[in-house]
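Notes to accompany the following structure.
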Amino acid sequence: MKKYMAYPYGVWMLIFIIAPILLVVYYAFTDKSGALTLGNFTSMLSYTSIFGRSFLLAFAATVVCLLLGYPLAYIMSKQPPRWQNFYMMLIMLPMWMNFLLRTYAWMSILENNGFINQFLQNIGVIRLLNTLLRPEAPIEYLPLINTGGAVVLGMVYNFLPFMVLPIYNVLIKIDKKLIEAAQDLGAPSGAVFRKVIFPLSMPGVIAGITMVFVPAVSTFVISKTLGGGKEMLIGDLIDLQFMGNAYNPQLGSAIALVMMALVFLCMLIMNRFDDGSGEEGGLLL
Amino acid sequence: MKKILALALSALLMTSLTACGGSSDEVVNVYNWGEYIDTDLLQQFEKETGIRVVYNTFETNEGLYSRLQSESYDVVIPSDYMIARMIDEGMLQKLNLDNIPNYSLIDSKYTHLEYDPEQAYSVPYTWGAVGIIYNTKKVDEADTGSWDLLWNPKYAGQTAMFDNSRDALGLTLKLLGYSQNTTDKDELRAAADKIIAGKDNFQGFWMDQILEKLPNEEILIAPYYNGDAVTMMEDNPDLSFYIPKEGTNVFVDAMCIPANAKNIENAEKFINFMCTTEAAAANAEYIGYSSPQREVYEQLDEEIKNDPIHYPGEDTIANGEVFRNLPEEINEYYSALWTEILR
């Protein structure tokens with residue numbers, strides 16, 4: 001590979017990554033007339049609850065993804081190679097479908113007259129709950145949709161592959177000799193995992209957390225479809241600045257910039273946990 | 001060798017792409033609301049005139065507005081207040097009605113309205129009114145009649161609210177007895193508080209999703225536009241529609257040519273085509289919205305003519321308000337209130 005082979009990507013980066021970020025920065029620090037101002041940032045203080053909610057939901061989704069994704073990646077990496085490809089395909093399969101379609105599908109599963117509630121009604125679970133708990137007003141369905149839980153579920157479903165794949169990739173590359181050495185030296189299997197496998201897989205975990213957390217914190221379709229749209233997330237707030245009544249790209253850019261800074265900060269803290277043992281780990285910073 | 005092959009292939013691709021674009025130089029770029037045209041008409045227009053239609057859709061007036069800042073379209077179909085705003089900001093060009101002879105077929109009831117008093121910039125496409133759609137099976141008839149139904153605790157968690165600030169605050173202002181075009185911040189504040197107080201009663205804030213949730217009986221009551229009420233009632237005959245007694249928003253969506261249009265003649269031809277009796281009738285039939293075209297209305301069945309859902313009556317119009325463009329300060333206040341409501 002010659003050095004100049006990287007030029008096309010360099011140009012790409014300049015046009016589609018560097019230039020837009022500079023534009024965002026420019027907008028964020030100017031007002032409608034183009035004069036320099038910090039007003040966009042100070043007016044953002046009233047949105048702290050929206051920021052808090054977005055980070056909390058994204059954090060919950062990331063934790064669930066990690067708890068589900070790590071064991072999955074681990075078990076997958078232990079399968080015979082032929083099966084590994086098959087499992088990989090199963091994980092990728094939902095991603096071949098359109099993101100919106102997947103989210104809409106969840107809507108009809110979780111709705112009050114949706115698939116789950118219909119099923120629970122038909123097998124008598126709802127009636128059982130009513131007789132057991134004797135609530136003041138008998139329920140007809142479980143409130144699943146339009147809740148924070150539904151939003152987290154939507155995030156987990158959509159972003160889980162981004163957690164599994166990097167962890168899996170790191171796990172299959174771990175030198176088997178290290179594990180054998182640990183076993184030869186008498187480490188029980190729990191200790192082998194805790195002291196050898198898990199630390200070695202940290203770069204994958206960090207990458208997975210990044211790849212789940214970042215899209216989750218900025219999503220805006222999921223909160224509208226599964227969350228009922230009653231409470232905004234940061235993505236909705238930014239959307240509103242561009243598509244709302246007062247067209248305000250300056251404020252929108254400022255919010256986007258602050259979010260980028262916060263995500264950057266989160267990643268910085270995160271990388272502290274990475275002891276630097278994995279060379280592949282430095283993917284973000 | 002591989003390099004040369006790749007180059008040759010990409011060159012071939014480029015020429016075929018440009019050839020594709022060049023096969024018909026005459027185009028008209030149309031930007032319309034989603035689900036808001038009988039698409040067969042586009043093909044018919046292409047066949048009759050040889051002008052290729054590039055058709056794209058938007059979801060909200062505000063989305064159209066922000067898109068027009070950087071894109072060029074030949075025909076756009078915004079609503080009244082957005083037309084007024086775009087006229088104010090010089091984003092539309094005056095129409096040459098000599099080139100749009102079928103404009104004469106538009107009923108004068110729907111022309112020269114406040115948003116375009118000289119009717120210099122727009123040709124009405126559809127009109128309608130906002131009302132409440134409810135499920136007759138589950139909602140007591142005695143509770144209906146007012147916007148208040150959305151806040152009725154009897155139907156807690158079964159109603160919905162508009163997910164755009166202008167419509168949501170607009171209907172709440174009406175409920176409180178204020179004008180939908182008010183610039184009084186106290187009145188707007190009161191409306192916002194009323195919506196916040198109702199948040200537990202609403203299952204959600206939605207736009208297009210209402211089109212599914214009402215017929216599927218996920219919700220029982222929601223505000224929406226009369227044209228879509230027609231469509232929803234076809235899906236679920238238990239649904240019914242009324243215009244609340246406090247009055248409502250009467251809207252007109254009209255075809256305009258943006259200042260930055262590139263194919264003005266083709267845009268005029270397209271607008272003229274959409275105003276022909278044949279096309280306007282087919283379109284009204286397809287999308288369910290009321291047509292401002294005189295001959296289309298005249299040839300309708302008496303039943304539809306007198307149906308207040310298809311064609312809201314004179315009293316609705318008299319009691320209703322057309323959205324006016326608001327001063328920038330108030331637009332910003334709307335955004336601030338809206339953020340507070342959904343915070």
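Ordering of the structure tokens sets the chain letters (A, B, ...); residue numbers start at 1 within each chain; ligands are numbered from 1 in the order shown.
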For Phe162 (chain B), please output as a PyMOL selection string all residues within 12 Å (counting only C-alpha atoms; exclusion window: fewer than 6 positions along the same chain). (chain A and resi 228-230) or (chain B and resi 130-132+150+168-172+195+199+202-211+221-225+338)
Please produce an output containing N, CA and C atoms for each residue in the selection, written as a tab-separated table (two decimals), in the first residue's frame.
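This went into out_23.tsv:
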```tsv
chain	number	residue	atom	x	y	z
A	228	GLY	N	-44.03	7.58	22.65
A	228	GLY	CA	-45.23	8.40	22.67
A	228	GLY	C	-44.98	9.87	22.37
A	229	GLY	N	-43.70	10.25	22.26
A	229	GLY	CA	-43.39	11.63	21.89
A	229	GLY	C	-43.77	12.65	22.93
A	230	LYS	N	-44.04	12.20	24.17
A	230	LYS	CA	-44.45	13.16	25.20
A	230	LYS	C	-43.25	13.85	25.81
B	130	VAL	N	-59.64	21.58	10.85
B	130	VAL	CA	-59.21	20.65	11.88
B	130	VAL	C	-60.40	20.33	12.77
B	131	GLY	N	-60.54	19.08	13.14
B	131	GLY	CA	-61.64	18.71	14.03
B	131	GLY	C	-61.21	17.56	14.91
B	132	ILE	N	-62.18	16.99	15.60
B	132	ILE	CA	-61.86	15.85	16.46
B	132	ILE	C	-62.47	14.58	15.89
B	150	LEU	N	-60.48	16.12	24.56
B	150	LEU	CA	-59.11	15.60	24.63
B	150	LEU	C	-58.60	15.57	26.07
B	168	ALA	N	-51.19	22.30	17.83
B	168	ALA	CA	-51.52	21.94	19.21
B	168	ALA	C	-51.90	23.19	20.01
B	169	LEU	N	-51.05	24.20	19.97
B	169	LEU	CA	-51.37	25.42	20.71
B	169	LEU	C	-52.58	26.11	20.09
B	170	GLY	N	-52.73	26.00	18.78
B	170	GLY	CA	-53.86	26.62	18.09
B	170	GLY	C	-55.19	26.13	18.61
B	171	LEU	N	-55.35	24.81	18.69
B	171	LEU	CA	-56.65	24.29	19.13
B	171	LEU	C	-56.87	24.59	20.62
B	172	THR	N	-55.77	24.63	21.39
B	172	THR	CA	-55.91	24.93	22.81
B	172	THR	C	-56.30	26.40	23.01
B	195	ILE	N	-51.97	22.49	27.96
B	195	ILE	CA	-51.45	21.26	27.33
B	195	ILE	C	-50.63	20.46	28.34
B	199	LYS	N	-51.06	16.41	29.82
B	199	LYS	CA	-50.09	15.41	29.35
B	199	LYS	C	-50.38	14.00	29.82
B	202	PHE	N	-53.16	12.51	27.61
B	202	PHE	CA	-52.80	12.13	26.25
B	202	PHE	C	-51.94	10.88	26.28
B	203	GLN	N	-52.22	9.96	25.36
B	203	GLN	CA	-51.33	8.80	25.26
B	203	GLN	C	-50.03	9.21	24.60
B	204	GLY	N	-50.11	10.16	23.68
B	204	GLY	CA	-48.89	10.60	23.03
B	204	GLY	C	-49.10	11.84	22.20
B	205	PHE	N	-47.98	12.37	21.69
B	205	PHE	CA	-48.02	13.50	20.75
B	205	PHE	C	-47.62	12.95	19.39
B	206	TRP	N	-48.55	12.99	18.43
B	206	TRP	CA	-48.26	12.37	17.14
B	206	TRP	C	-48.78	13.19	15.97
B	207	MET	N	-48.27	12.88	14.79
B	207	MET	CA	-48.87	13.39	13.55
B	207	MET	C	-49.41	12.19	12.75
B	208	ASP	N	-48.62	11.74	11.78
B	208	ASP	CA	-49.09	10.67	10.89
B	208	ASP	C	-49.47	9.39	11.63
B	209	GLN	N	-48.88	9.17	12.79
B	209	GLN	CA	-49.19	7.93	13.52
B	209	GLN	C	-50.65	7.85	13.93
B	210	ILE	N	-51.29	9.03	14.03
B	210	ILE	CA	-52.71	9.06	14.37
B	210	ILE	C	-53.50	8.30	13.30
B	211	LEU	N	-53.02	8.38	12.07
B	211	LEU	CA	-53.70	7.71	10.95
B	211	LEU	C	-53.78	6.20	11.16
B	221	ILE	N	-59.64	9.05	20.77
B	221	ILE	CA	-59.94	10.44	20.42
B	221	ILE	C	-58.66	11.13	19.98
B	222	ALA	N	-58.73	11.87	18.87
B	222	ALA	CA	-57.56	12.64	18.46
B	222	ALA	C	-58.01	13.79	17.56
B	223	PRO	N	-57.27	14.88	17.60
B	223	PRO	CA	-57.55	15.95	16.65
B	223	PRO	C	-56.87	15.62	15.32
B	224	TYR	N	-57.52	15.94	14.21
B	224	TYR	CA	-56.84	15.81	12.92
B	224	TYR	C	-57.57	16.57	11.84
B	225	TYR	N	-57.05	16.49	10.63
B	225	TYR	CA	-57.61	17.25	9.50
B	225	TYR	C	-58.77	16.48	8.89
B	338	TRP	N	-43.05	25.07	23.31
B	338	TRP	CA	-43.15	23.69	22.86
B	338	TRP	C	-42.09	22.82	23.53
```
Within 7 Å of region 166-174 of chain A using only C-alpha atoms, minus same-chain residues under 2 positions, as a count of residues only: 13
Please identify every residue of chain B that has at least one atom no more than 8 Å from any atom of chain A, counting only C-alpha atoms, and report them as number ranges by chain. B: 60, 62-63, 66, 163-166, 199, 203-206, 217-218, 328, 331-332, 334-335, 339, 342-343
Distance query Gly157 (chain B) at most 8 Å, only C-alpha atoms, self and fewer than 2 positions along chain excluded, as an mmCIF file with N, CA and C atoms, in the first residue's frame:
```cif
data_model
loop_
_atom_site.group_PDB
_atom_site.id
_atom_site.type_symbol
_atom_site.label_atom_id
_atom_site.label_comp_id
_atom_site.auth_asym_id
_atom_site.auth_seq_id
_atom_site.Cartn_x
_atom_site.Cartn_y
_atom_site.Cartn_z
ATOM 1 N N TYR B 155 -61.438 9.536 29.563
ATOM 2 C CA TYR B 155 -60.725 8.856 28.486
ATOM 3 C C TYR B 155 -59.214 9.013 28.669
ATOM 4 N N THR B 159 -56.452 9.501 24.496
ATOM 5 C CA THR B 159 -56.509 10.598 23.534
ATOM 6 C C THR B 159 -55.100 10.924 23.067
ATOM 7 N N ASP B 200 -50.923 13.883 31.060
ATOM 8 C CA ASP B 200 -51.227 12.543 31.552
ATOM 9 C C ASP B 200 -52.445 11.956 30.852
ATOM 10 N N ASN B 201 -53.287 12.836 30.324
ATOM 11 C CA ASN B 201 -54.483 12.352 29.649
ATOM 12 C C ASN B 201 -54.184 11.907 28.220
ATOM 13 N N PHE B 202 -53.157 12.511 27.615
ATOM 14 C CA PHE B 202 -52.800 12.133 26.246
ATOM 15 C C PHE B 202 -51.937 10.878 26.279
ATOM 16 N N GLN B 203 -52.224 9.961 25.358
ATOM 17 C CA GLN B 203 -51.332 8.803 25.261
ATOM 18 C C GLN B 203 -50.026 9.211 24.597
ATOM 19 N N ILE B 219 -56.043 4.419 20.214
ATOM 20 C CA ILE B 219 -56.541 5.599 20.907
ATOM 21 C C ILE B 219 -57.990 5.799 20.477
#
```
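Candidate residues A:Val214, A:Leu200, A:Met107, A:Leu185 were compared for distance to Phe159 (chain A), and the nearest is A:Val214, using only C-alpha atoms.
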For CA of Cys65 (chain A) and CA of Gly154 (chain A), quote the distance in Å rounded to one decimal.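 Result for CA of Cys65 (chain A) versus CA of Gly154 (chain A): 11.3 Å, one decimal.
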Step one, run DSSP on the backbone; step two, keep only residues of region 195-275 of chain A assigned to helix (DSSP H, G or I); then write them as a PyMOL selection string. chain A and resi 195-218+221-225+234-243+249-273
Rounded to one decimal in Å, what is the spacing between CA of Met44 (chain A) and CA of Ala216 (chain A)? 20.7 Å
Between CA of Ser218 (chain A) and CA of Ser253 (chain A), what is the distance in Å, rounded to a tenth?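 Atom-to-atom, CA of Ser218 (chain A) to CA of Ser253 (chain A), that is 13.4 Å.
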Find the spatial neighbours of region 91-108 of chain B, counting only C-alpha atoms, within a cut-off of 10 Å - ignore same-chain residues fewer than 2 positions away - and output them as a PyMOL selection string. chain B and resi 65+68-69+76+83-89+110-113+119-125+256-261+264-265+267-277+291-297
Determine the nearest neighbour of Val230 (chain B) from the options B:Gly177, B:Pro117, B:Gly128, B:Gly313, counting only C-alpha atoms. B:Gly128
Find the residues near Phe58 (chain B): any atom within 10 Å, counting only C-alpha atoms, skip ones fewer than 6 places away on the same chain, and give them as a PyMOL selection string. chain B and resi 31-35+64-65+67+76-78
File dump, residues just selected, N, CA, C and O atoms, as a PDB file, in the first residue's frame:
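Listing of result_39.pdb after writing:
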```pdb
ATOM      1  N   TYR B  31     -42.585  19.602  -4.989  1.00  0.00           N
ATOM      2  CA  TYR B  31     -42.355  19.273  -3.584  1.00  0.00           C
ATOM      3  C   TYR B  31     -43.681  19.422  -2.852  1.00  0.00           C
ATOM      4  O   TYR B  31     -44.226  20.512  -2.751  1.00  0.00           O
ATOM      5  N   ASN B  32     -44.223  18.298  -2.374  1.00  0.00           N
ATOM      6  CA  ASN B  32     -45.583  18.282  -1.830  1.00  0.00           C
ATOM      7  C   ASN B  32     -45.597  17.517  -0.513  1.00  0.00           C
ATOM      8  O   ASN B  32     -44.657  16.807  -0.189  1.00  0.00           O
ATOM      9  N   TRP B  33     -46.685  17.634   0.222  1.00  0.00           N
ATOM     10  CA  TRP B  33     -46.883  16.839   1.431  1.00  0.00           C
ATOM     11  C   TRP B  33     -46.910  15.355   1.058  1.00  0.00           C
ATOM     12  O   TRP B  33     -47.303  15.003  -0.051  1.00  0.00           O
ATOM     13  N   GLY B  34     -46.546  14.494   2.013  1.00  0.00           N
ATOM     14  CA  GLY B  34     -46.643  13.052   1.789  1.00  0.00           C
ATOM     15  C   GLY B  34     -48.107  12.645   1.635  1.00  0.00           C
ATOM     16  O   GLY B  34     -48.977  13.254   2.254  1.00  0.00           O
ATOM     17  N   GLU B  35     -48.373  11.633   0.808  1.00  0.00           N
ATOM     18  CA  GLU B  35     -49.739  11.105   0.634  1.00  0.00           C
ATOM     19  C   GLU B  35     -50.716  12.210   0.271  1.00  0.00           C
ATOM     20  O   GLU B  35     -51.819  12.267   0.802  1.00  0.00           O
ATOM     21  N   LEU B  64     -40.438  22.029   4.986  1.00  0.00           N
ATOM     22  CA  LEU B  64     -40.374  22.607   3.645  1.00  0.00           C
ATOM     23  C   LEU B  64     -39.576  23.912   3.681  1.00  0.00           C
ATOM     24  O   LEU B  64     -38.712  24.157   2.844  1.00  0.00           O
ATOM     25  N   TYR B  65     -39.879  24.728   4.687  1.00  0.00           N
ATOM     26  CA  TYR B  65     -39.221  26.035   4.799  1.00  0.00           C
ATOM     27  C   TYR B  65     -37.709  25.878   4.914  1.00  0.00           C
ATOM     28  O   TYR B  65     -36.942  26.537   4.219  1.00  0.00           O
ATOM     29  N   ARG B  67     -35.922  23.347   4.078  1.00  0.00           N
ATOM     30  CA  ARG B  67     -35.389  22.714   2.879  1.00  0.00           C
ATOM     31  C   ARG B  67     -35.186  23.735   1.761  1.00  0.00           C
ATOM     32  O   ARG B  67     -34.224  23.690   1.007  1.00  0.00           O
ATOM     33  N   VAL B  76     -44.120  24.159  -5.080  1.00  0.00           N
ATOM     34  CA  VAL B  76     -44.247  23.688  -3.695  1.00  0.00           C
ATOM     35  C   VAL B  76     -45.685  23.928  -3.254  1.00  0.00           C
ATOM     36  O   VAL B  76     -46.378  24.781  -3.815  1.00  0.00           O
ATOM     37  N   ILE B  77     -46.144  23.131  -2.269  1.00  0.00           N
ATOM     38  CA  ILE B  77     -47.539  23.248  -1.832  1.00  0.00           C
ATOM     39  C   ILE B  77     -47.615  23.430  -0.318  1.00  0.00           C
ATOM     40  O   ILE B  77     -47.978  22.522   0.408  1.00  0.00           O
ATOM     41  N   PRO B  78     -47.236  24.601   0.179  1.00  0.00           N
ATOM     42  CA  PRO B  78     -47.313  24.846   1.628  1.00  0.00           C
ATOM     43  C   PRO B  78     -48.718  25.260   2.052  1.00  0.00           C
ATOM     44  O   PRO B  78     -49.589  25.456   1.207  1.00  0.00           O
TER      45      PRO B  78
END
```
Within 10 Å of Met95 (chain A), counting only C-alpha atoms, which residues show up once you throw out same-chain ones fewer than 5 positions away? Write them as a PyMOL selection string, please. chain A and resi 89-90+102+157-159+161
Selection to disk with C-alpha atoms, as a compact mmCIF listing (two decimals), in the first residue's frame:
```
# COMPACT_ATOMS: atom_id res chain seq x y z
CA MET A 89 -25.62 -13.97 10.02
CA LEU A 90 -28.48 -14.31 12.50
CA ARG A 102 -37.92 -2.43 12.57
CA TYR A 157 -32.95 -4.08 19.62
CA ASN A 158 -31.52 -1.69 17.06
CA PHE A 159 -28.02 -1.33 18.47
CA PRO A 161 -25.26 -5.96 16.94
```
Please identify all polymer residues within 8 Å of region 119-123 of chain A, counting only C-alpha atoms, omitting same-chain residues fewer than 4 positions from it, and present them as a PyMOL selection string. chain A and resi 115+127+140-141
Write out the residues from the selection above, keeping N, CA and C atoms, as a PDB file, in the first residue's frame.
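Resulting contents of again16.pdb:
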```
ATOM      1  N   PHE A 115     -49.523  -7.234  19.670  1.00  0.00           N
ATOM      2  CA  PHE A 115     -49.290  -8.674  19.659  1.00  0.00           C
ATOM      3  C   PHE A 115     -49.163  -9.253  21.075  1.00  0.00           C
ATOM      4  N   ARG A 127     -56.557 -11.766  32.815  1.00  0.00           N
ATOM      5  CA  ARG A 127     -57.648 -12.079  33.725  1.00  0.00           C
ATOM      6  C   ARG A 127     -57.082 -12.577  35.056  1.00  0.00           C
ATOM      7  N   GLU A 140     -57.101  -4.007  31.095  1.00  0.00           N
ATOM      8  CA  GLU A 140     -57.368  -4.742  29.862  1.00  0.00           C
ATOM      9  C   GLU A 140     -56.078  -5.091  29.146  1.00  0.00           C
ATOM     10  N   TYR A 141     -55.000  -4.406  29.517  1.00  0.00           N
ATOM     11  CA  TYR A 141     -53.718  -4.639  28.864  1.00  0.00           C
ATOM     12  C   TYR A 141     -52.601  -4.183  29.786  1.00  0.00           C
TER      13      TYR A 141
END
```
DSSP strand (DSSP E) selection over region 240-303 of chain B, as a ChimeraX atom specification: /B:240-242,250-256
